[in-house]
Amino acid sequence: MKKQVLTGIKPTGRVHLGNYIGAIKPALEFAQNEEYMPAYFVADYHGLTKIHDKEEMNLLSRGIAATWLALGLNPEKAIFYRQSDVPDIFELSWILACFSPKGLMNRAHAYKSIVEENIEIGREADTGVNMGLFTYPILMAADILLFQTEIVPVGRDQIQHVEIARDIVESFNHTYGDTFTLPQYVIEKETAVLPGLDGRKMSKSYNNTIPLFEEPKKLQKLINKIKTDSSPPGAPKDPDASVIYSLYKEFATDIQTSEMRNRFLSGISWGEAKKELFDVMNVYLEEPRDRYNELMASPEKLNEVLLQGAEKARKKTRPLLQEVKRKIGILHS
Ligand code: ADP
Ligand code: TRP
């Protein structure tokens, strides 16, 4: 039996380097390994907590799907789908909601941070919070549990959500006996949180991202915007404290990386370091970027791949959902 590995990306913005390094790249490494069965998906109903524009949803959702494929995910060897095409997930989500203490949701960080911000600026605590956002972790638990997932590769900010899924498993299994597998998160150790242009966590919410498939000219411009300190050319620089170096090592070979490390220590100028970063990234991303653009230009083809993936997903999810419904006393056959 292959180990189930699962992760989703929500379509709330263009895929950026943080998403790639923190979640997609490690997930693709699992997908290369025959010991694992990957289920990777577009978390469009999670995206709906934020995106309320039809065209935007459509485009962003296709963008996530095209990104996975452009980076080499083989849909024949994975379960690759759009969350909204697998209704079993939403049925399970309701069932799990009935096993999720409200207090657990109050403590979930996405919700909690909005409440804290509202209070800080004197607004009503729940301003701008829809119920989708509030119960977000339950839908994510359903995503994970319905596939009997063992491993969830995610960025550091998602750890709490996987822990909530584990709490829900324990509560359900305690009541009805062993049913769901206890999932485990896996974090990319080296670059747990990739900083953005301004040094804060790279995130769509902070407008400080470098989109993964940005056109070369714009990519270069964005790289030039990365914040650096004022140390002059010739002054030794600490590679481990530099966003430029942390990005560089993700796209360069080991030899290039150790050479760059030495150049940092012997005082490479920031301008030069940025140029080297652009070159190495551009070479690495050129082919996937072309594939991405091609896929984005043929929505039907993309849709077909996703629908086939959803079929495959349902084959896996249906029996477990039936078992759960039987256990809770809803299915009488
Ligand atoms: P964003 O913060 O831009 O909204 P998402 O929440 O959609 O990103 O994240 C999608 C995946 O990418 C998650 O697994 C998340 O942990 C990971 N991720 C996002 N930003 C970063 C980052 N700066 N560094 C590492 N991983 C990240
Ligand atoms: N919440 C994740 C994010 O914001 C996306 C996601 C939805 C997910 N369902 C998932 C990630 C299940 C891993 C497993 O990035």
# chains A, B, ... in the order shown; residues from 1 in each chain; ligands from 1
>>> select_by_dssp(residues="stretch 129-261 of chain A", states="strand (DSSP E)", output="JSON, numbers by chain")
{"A": [151, 152, 153, 154, 184, 185, 186, 187]}
>>> write_last_selection(atoms="N, CA, C and O atoms", output="PDB file, in the first residue's frame")
ATOM      1  N   ILE A 151       0.312  11.966   5.145  1.00  0.00           N
ATOM      2  CA  ILE A 151       1.283  13.060   5.114  1.00  0.00           C
ATOM      3  C   ILE A 151       0.729  14.282   4.399  1.00  0.00           C
ATOM      4  O   ILE A 151       0.184  14.180   3.299  1.00  0.00           O
ATOM      5  N   VAL A 152       0.889  15.446   5.042  1.00  0.00           N
ATOM      6  CA  VAL A 152       0.401  16.705   4.464  1.00  0.00           C
ATOM      7  C   VAL A 152       1.573  17.685   4.350  1.00  0.00           C
ATOM      8  O   VAL A 152       1.971  18.301   5.339  1.00  0.00           O
ATOM      9  N   PRO A 153       2.150  17.821   3.156  1.00  0.00           N
ATOM     10  CA  PRO A 153       3.234  18.798   3.018  1.00  0.00           C
ATOM     11  C   PRO A 153       2.660  20.215   2.910  1.00  0.00           C
ATOM     12  O   PRO A 153       1.883  20.508   2.006  1.00  0.00           O
ATOM     13  N   VAL A 154       3.022  21.064   3.840  1.00  0.00           N
ATOM     14  CA  VAL A 154       2.499  22.439   3.859  1.00  0.00           C
ATOM     15  C   VAL A 154       3.554  23.406   4.386  1.00  0.00           C
ATOM     16  O   VAL A 154       4.580  22.990   4.929  1.00  0.00           O
ATOM     17  N   GLN A 184      -0.233  13.674   9.413  1.00  0.00           N
ATOM     18  CA  GLN A 184       0.969  14.320   9.942  1.00  0.00           C
ATOM     19  C   GLN A 184       1.420  15.400   8.955  1.00  0.00           C
ATOM     20  O   GLN A 184       1.431  15.139   7.753  1.00  0.00           O
ATOM     21  N   TYR A 185       1.779  16.563   9.463  1.00  0.00           N
ATOM     22  CA  TYR A 185       2.277  17.579   8.515  1.00  0.00           C
ATOM     23  C   TYR A 185       3.762  17.386   8.273  1.00  0.00           C
ATOM     24  O   TYR A 185       4.479  16.838   9.124  1.00  0.00           O
ATOM     25  N   VAL A 186       4.216  17.821   7.113  1.00  0.00           N
ATOM     26  CA  VAL A 186       5.642  17.816   6.831  1.00  0.00           C
ATOM     27  C   VAL A 186       6.002  19.219   6.381  1.00  0.00           C
ATOM     28  O   VAL A 186       5.380  19.784   5.484  1.00  0.00           O
ATOM     29  N   ILE A 187       7.005  19.794   7.038  1.00  0.00           N
ATOM     30  CA  ILE A 187       7.417  21.163   6.742  1.00  0.00           C
ATOM     31  C   ILE A 187       8.782  21.151   6.074  1.00  0.00           C
ATOM     32  O   ILE A 187       9.659  20.399   6.500  1.00  0.00           O
TER      33      ILE A 187
END
>>> residues_near_ligand(ligand="ligand 1", cutoff="6 Å", atoms="only C-alpha atoms and all ligand atoms", output="list in words")
Ile9, Lys10, Gly18, Asn19, Gly22, Ala23, Val154, Gly155, Arg156, Asp157, Gln158, Ala192, Val193, Leu194, Pro195, Lys201, Met202, Ser203, Lys204 and Ser205 of chain A
>>> closest_residue(among="A:His46, A:Lys217, A:Arg107, A:Lys274", to="ligand 2", atoms="only C-alpha atoms and all ligand atoms")
A:His46
>>> residues_near_ligand(ligand="ligand 2", cutoff="6 Å", atoms="only C-alpha atoms and all ligand atoms", output="list in words")
Leu6, Thr7, Gly8, Ile9, Lys10, Ala43, Met140, Asp143, Ile144 and Val152 of chain A
>>> select_by_dssp(residues="stretch 51-241 of chain A", states="alpha helix (DSSP H)", output="VMD selection string")
chain A and resid 54 to 70 88 to 97 102 to 106 109 to 120 131 to 134 136 to 145 159 to 176 216 to 225
>>> residues_around(residues="A:Phe213", least_positions_apart="4", cutoff="8 Å", atoms="only C-alpha atoms", output="list in words")
Val15, His16, Leu285, Arg289 and Tyr292 of chain A
>>> closest_residue(among="A:Ser231, A:Arg200, A:Pro137, A:Pro183", to="A:Thr49", atoms="only C-alpha atoms")
A:Pro137
>>> closest_residue(among="A:Pro216, A:Ser113, A:Glu276, A:Leu104", to="A:Tyr245", atoms="only C-alpha atoms")
A:Glu276
